[in-house]
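K.L.:
First the structure, which I've put down as structure tokens, then a few questions once you've had a look.
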Amino acid sequence: MSYPTVTAAALTAPLTFAGIVEQLRDTFRAFPDCRKPGNNTRYTLEDAGLSAFSVFFMQCASFLEYQRRMAENQERSNAQTLFGVHAIPCDNQIRHLLDSVPPSAVAPAYRYLFNGLQQNGYLDTWRVHDYGYLLALDGTQHFSSSHIHCEQCLTKTHHNGTVTYSHQMLTPILTAPDKPQVIPLPPEFISRQDGQTKQDCEINAAKRWLAQWGADYIPLGITFLGDDLYCHQPFCQAVLDAGAQFIFNCKPTSHTTLYEELEGLEKIGAIRTHLVQRRMGKHSVTDTYRFATQMPLRDGDDALRVNWFSLTSVRDDGNCLYHNDFATSHPITTGKVVDLVKAGRCRWKIENENNNTLKTKGYHFEHNFGHGQQHLANLLAALVLLAYLVHTVIDLMDERFRTLLQKVGSRERLFDDINTLTTFLCFKSWTALLDFMLVGLERRHHADEIEQWVVK
């Protein structure tokens with residue numbers, strides 16, 4: 001299968017940090033302002049949005065406090081020079097201004113960043129042969145409390161009568177087998193929908209995401225990845241009807257009809273097998289690939305037919321290192337099964353490189369930065385995810401940032417260093433900050449060298 005490529009004529013101007021900030025300003029400027037005429041409008045929605053984003057981008061809850069002090073002493077701050085904030089609202093003002101803004105209002109920024117990466121060729125090597133781009137789906141929780149809640153909260157009533165309130169979201173990503181990064185795509189929030197009395201769920205959020213965003217990504221050639229939750233006929237059919245393909249995990253406990261047919265094929269030796277031997281340190285490992293075609297996804301004459309495959313990896317001492325089963329809409333042969341497994345296993349990156357990174361690597365995704373009464377909790381989660389996306393974009397496009405990241409060793413530690421510097425020095429631009437750090441890693445500075453990067 002062939003997928004569209006971007007010609008040289010279609011390339012846009014290169015992505016820059018300053019250009020990204022300007023796009024964020026345009027996005028935040030369009031936020032709905034629910035203040036009544038005549039109310040204090042000293043602070044704009046764009047300043048509130050940029051201020052909140054800067055905290056998540058810098059991975060520092062105290063960033064704005066430090067910049068307010070710097071502005072008082074120096075009349076300039078990094079909030080202004082790096083992020084274009086004209087006036088820094090206090091934390092409560094930011095929460096008040098942003099509470100009425102739905103998280104969907106951030107969507108133009110996601111679209112701008114993805115289009116910039118795609119059209120400038122940064123994603124050309126992310127295509128997987130025969131399968132296009134791999135788009136993984138998964139849901140994750142970003143807030144939970146037994147007391148704090150809003151109209152958007154999901155609820156769970158326990159046996160003792162207590163209630164847990166939570167927020168969850170679908171976090172789609174673009175992934176590839178040989179890429180350490182993932183590309184977050186616009187999220188979809190799992191929350192009570194207007195006019196609905198039933199609790200929302202992850203699969204309904206996925207259907208909404210497919211309806212809203214499918215036309216943006218599917219023409220590029222998309223294979224959806226997901227766990228067993230997505231491997232049921234209505235959603236698989238929706239993916240196919242939208243013009244995409246899928247590779248989903250497929251458990252025996254939820255697909256009894258399919259595995260009953262596999263048992264019949266097993267008895268007559270009709271399941272195809274492909275063995276691969278490899279070394280792992282002192283041990284040898286046998287990878288056993290098995291597959292069968294045209295299997296029914298459920299019972300009934302209208303059952304969707306899928307191709308099933310599995311991988312079992314066993315070490316020579318009998319230790320089973322890995323096992324998983326999949327169902328796919330892609331054709332499958334002995335020559336393709338290894339690549340299909342490699343593509344299907346990329347689904348785990350949405351948990352490891354995306355959701356777990358957001359929760360444990362400096363983004364404080366589950367921290368309550370502010371809950372509000374309307375959309376604040378979900379909007380702030382969308383901004384945290386957006387900050388992670390911008391970090392990934394500059395990692396892909398900015399050689400200075402990549403060099404610093406390699407030298408320092410981790411993104412979390414790099415931003416610790418950045419926050420220390422920006423607490424005391426005001427830099428003319430993001431590029432000036434990176435240049436300052438790069439030179440600082442090579443040799444000691446003299447006062448006259450600092451002046452070219454720092455606002456006096």
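As shown in the structure tokens, the chain order sets the letters A, B, ...; within each chain, residues go from 1, and ligands are also counted from 1 in the order they appear.
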Mind the document's chain letters and residue numbers, and return as a PyMOL selection string the residues of stretch 110-305 of chain A that DSSP labels strand (DSSP E).
P.N.:
chain A and resi 133-136+139-145+154-157+163-170+173-175+183-184+188-190+222-226+245-249+272-280+283-296+305
K.L.:
Got time to write the residues from that selection, C-alpha atoms, as a compact mmCIF listing (two decimals), in the first residue's frame?
P.N.:
```
# COMPACT_ATOMS: atom_id res chain seq x y z
CA TYR A 133 1.71 5.74 10.46
CA LEU A 134 1.02 3.81 13.67
CA LEU A 135 -1.56 5.60 15.83
CA ALA A 136 -2.00 4.13 19.31
CA GLY A 139 -7.09 6.09 28.16
CA THR A 140 -5.53 7.38 31.36
CA GLN A 141 -6.67 9.06 34.56
CA HIS A 142 -5.33 12.51 35.44
CA PHE A 143 -7.32 13.40 38.57
CA SER A 144 -8.98 11.56 41.45
CA SER A 145 -10.54 12.79 44.70
CA LEU A 154 -16.73 10.82 36.36
CA THR A 155 -18.10 9.20 39.51
CA LYS A 156 -17.66 5.81 41.15
CA THR A 157 -19.86 4.87 44.11
CA VAL A 163 -17.97 8.42 45.98
CA THR A 164 -14.71 8.86 44.07
CA TYR A 165 -14.58 11.66 41.51
CA SER A 166 -12.12 11.46 38.63
CA HIS A 167 -11.07 12.84 35.26
CA GLN A 168 -9.88 10.60 32.45
CA MET A 169 -8.78 11.25 28.90
CA LEU A 170 -7.95 9.42 25.70
CA ILE A 173 -0.08 9.14 19.94
CA LEU A 174 1.90 8.60 16.77
CA THR A 175 4.60 5.96 17.32
CA ILE A 183 3.98 12.36 19.03
CA PRO A 184 0.94 13.23 21.18
CA GLU A 188 -10.43 13.39 23.85
CA PHE A 189 -11.81 13.66 27.35
CA ILE A 190 -13.81 10.87 28.95
CA ILE A 222 -3.06 5.16 9.46
CA THR A 223 -2.98 1.84 11.31
CA PHE A 224 -4.66 2.08 14.72
CA LEU A 225 -3.12 0.23 17.66
CA GLY A 226 -4.91 -0.56 20.90
CA GLN A 245 -6.54 -0.26 9.30
CA PHE A 246 -5.99 -1.76 12.76
CA ILE A 247 -3.78 -4.03 14.86
CA PHE A 248 -5.40 -4.66 18.25
CA ASN A 249 -4.59 -7.03 21.09
CA ARG A 272 0.77 -21.42 10.26
CA THR A 273 3.98 -21.24 12.32
CA HIS A 274 7.22 -19.33 11.81
CA LEU A 275 10.23 -19.89 14.12
CA VAL A 276 13.10 -17.43 14.65
CA GLN A 277 16.17 -18.23 16.75
CA ARG A 278 18.20 -15.37 18.30
CA ARG A 279 20.82 -14.83 20.97
CA MET A 280 20.20 -12.92 24.20
CA HIS A 283 21.01 -17.67 26.21
CA SER A 284 19.25 -18.47 22.96
CA VAL A 285 15.65 -17.43 22.50
CA THR A 286 13.05 -19.02 20.23
CA ASP A 287 10.41 -16.66 18.87
CA THR A 288 7.35 -18.62 17.73
CA TYR A 289 5.07 -16.68 15.41
CA ARG A 290 1.65 -18.23 14.70
CA PHE A 291 -1.11 -16.92 12.47
CA ALA A 292 -4.44 -17.75 10.86
CA THR A 293 -6.52 -15.80 8.36
CA GLN A 294 -10.21 -14.96 8.03
CA MET A 295 -11.15 -15.58 11.66
CA PRO A 296 -14.56 -14.40 12.99
CA ARG A 305 -13.35 -11.48 9.52
```
K.L.:
Which is closer to A:Gln373 than all the others in A:Val21, A:Leu45, A:Leu98, A:Leu123, using only C-alpha atoms?
P.N.:
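Checking each candidate against A:Gln373, we get A:Leu98 as the closest.
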K.L.:
Using only C-alpha atoms, which of A:Phe309, A:Tyr122, A:Phe424, A:Phe53 sits nearest A:Ile394?
P.N.:
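Closest to A:Ile394 of all the choices is A:Tyr122.
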K.L.:
Between atom CA of A:Arg413 and atom CA of A:Arg345, what is the distance in Å, rounded to a tenth?
P.N.:
29.1 Å
K.L.:
Expressed in Å to a single decimal, how great is the separation between atom CA of A:Tyr66 and atom CA of A:Leu82?
P.N.:
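Interatomic distance here is 14.0 Å.
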K.L.:
Quick check for you: according to DSSP on this backbone, which residues of stretch 243-410 of chain A are classed as helix (DSSP H, G or I)? Reply as JSON, numbers by chain.
P.N.:
{"A": [252, 253, 254, 256, 257, 258, 259, 260, 261, 262, 263, 264, 265, 266, 267, 337, 338, 339, 340, 341, 342, 343, 344, 345, 346, 347, 348, 349, 350, 351, 352, 353, 354, 355, 356, 357, 358, 359, 360, 376, 377, 378, 379, 380, 381, 382, 383, 384, 385, 386, 387, 388, 389, 390, 391, 392, 393, 394, 395, 396, 397, 399, 400, 401, 402, 403, 404, 405, 406, 407, 408]}
K.L.:
Point out the residue among A:Ala303, A:Asp91, A:Leu117, A:Ala176 with the least atom-to-atom distance to A:Leu396, counting only C-alpha atoms.
P.N.:
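The shortest atom-to-atom distance to A:Leu396 comes from A:Leu117.
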K.L.:
Any idea what the distance is between atom CA of A:Glu202 and atom CA of A:Ala215?
P.N.:
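The value is 20.3 Å.
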K.L.:
Which residues are near A:Leu113? Cut-off 12 Å, only C-alpha atoms, ignore same chain within fewer than 4 positions. Put them as a count of residues only.
P.N.:
36
K.L.:
Where does stretch 65-154 of chain A meet stretch 27-38 of chain A within 12 Å, residue by residue, with the nearest atom pair and distance in Å to one decimal for each, counting only C-alpha atoms, listed by chain and rising number, as a tab-separated table?
P.N.:
```
residue	atom	partner	partner_atom	distance
A:Gly84	CA	A:Phe28	CA	11.9
A:Val85	CA	A:Phe28	CA	11.5
A:Gln93	CA	A:Arg35	CA	11.9
A:His96	CA	A:Arg35	CA	9.7
A:Leu97	CA	A:Asp33	CA	7.5
A:Leu98	CA	A:Phe31	CA	8.4
A:Asp99	CA	A:Cys34	CA	9.5
A:Ser100	CA	A:Cys34	CA	7.0
A:Val101	CA	A:Pro32	CA	6.2
A:Pro102	CA	A:Phe31	CA	8.6
A:Pro103	CA	A:Phe31	CA	9.9
A:Ser104	CA	A:Phe31	CA	10.0
A:Ala105	CA	A:Phe31	CA	6.4
A:Val106	CA	A:Thr27	CA	6.5
A:Ala107	CA	A:Thr27	CA	8.3
A:Pro108	CA	A:Thr27	CA	6.3
A:Ala109	CA	A:Thr27	CA	6.4
A:Tyr110	CA	A:Thr27	CA	10.0
A:Arg111	CA	A:Thr27	CA	10.8
A:Tyr112	CA	A:Thr27	CA	10.0
```
K.L.:
Those selected residues, please, written with C-alpha atoms and delivered as a short mmCIF file (atom, residue, chain, number, x, y, z; two decimals), in the first residue's frame.
P.N.:
```
data_model
loop_
_atom_site.label_atom_id
_atom_site.label_comp_id
_atom_site.auth_asym_id
_atom_site.auth_seq_id
_atom_site.Cartn_x
_atom_site.Cartn_y
_atom_site.Cartn_z
CA GLY A 84 5.53 36.54 25.25
CA VAL A 85 3.52 37.12 28.45
CA GLN A 93 -6.61 34.78 38.24
CA HIS A 96 -10.63 32.00 37.06
CA LEU A 97 -9.91 33.11 33.49
CA LEU A 98 -9.43 29.60 32.12
CA ASP A 99 -12.23 27.74 33.94
CA SER A 100 -14.80 28.45 31.24
CA VAL A 101 -12.50 27.47 28.34
CA PRO A 102 -13.22 23.97 26.92
CA PRO A 103 -10.09 21.88 26.22
CA SER A 104 -11.12 21.62 22.56
CA ALA A 105 -10.06 25.27 22.23
CA VAL A 106 -6.42 24.12 22.33
CA ALA A 107 -6.87 21.96 19.20
CA PRO A 108 -5.41 24.50 16.70
CA ALA A 109 -2.04 24.30 18.47
CA TYR A 110 -1.95 20.50 18.13
CA ARG A 111 -2.86 20.78 14.46
CA TYR A 112 -0.18 23.42 13.83
#
```
K.L.:
Have a look at A:Asn73, A:Gln233, A:Thr81, A:Gln374 and name the one nearest to A:Ser254; count only C-alpha atoms.
P.N.:
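The closest residue to A:Ser254 is A:Gln233.
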K.L.:
Find the spatial neighbours of A:Phe365, counting only C-alpha atoms, within a cut-off of 7 Å - ignore same-chain residues fewer than 4 positions away - and output them as a list of chain:residue names.
P.N.:
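Surrounding residues, per the criterion: A:His142, A:Leu358, A:Lys359, A:Ala381, A:Val384.
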K.L.:
Can I get the selected residues back with N, CA and C atoms, as a short mmCIF file (atom, residue, chain, number, x, y, z; two decimals), in the first residue's frame?
P.N.:
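See result_38.cif below for the written result:
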```
data_model
loop_
_atom_site.label_atom_id
_atom_site.label_comp_id
_atom_site.auth_asym_id
_atom_site.auth_seq_id
_atom_site.Cartn_x
_atom_site.Cartn_y
_atom_site.Cartn_z
N HIS A 142 -6.21 11.42 35.06
CA HIS A 142 -5.33 12.51 35.44
C HIS A 142 -5.79 13.24 36.69
N LEU A 358 4.30 11.26 31.46
CA LEU A 358 3.54 12.40 31.95
C LEU A 358 3.35 12.34 33.46
N LYS A 359 3.28 11.15 34.01
CA LYS A 359 3.00 11.00 35.44
C LYS A 359 4.25 10.93 36.31
N ALA A 381 -4.97 19.81 31.90
CA ALA A 381 -4.41 18.53 31.44
C ALA A 381 -4.03 18.61 29.97
N VAL A 384 -0.79 20.51 29.78
CA VAL A 384 0.35 19.67 30.16
C VAL A 384 0.75 18.78 28.98
#
```
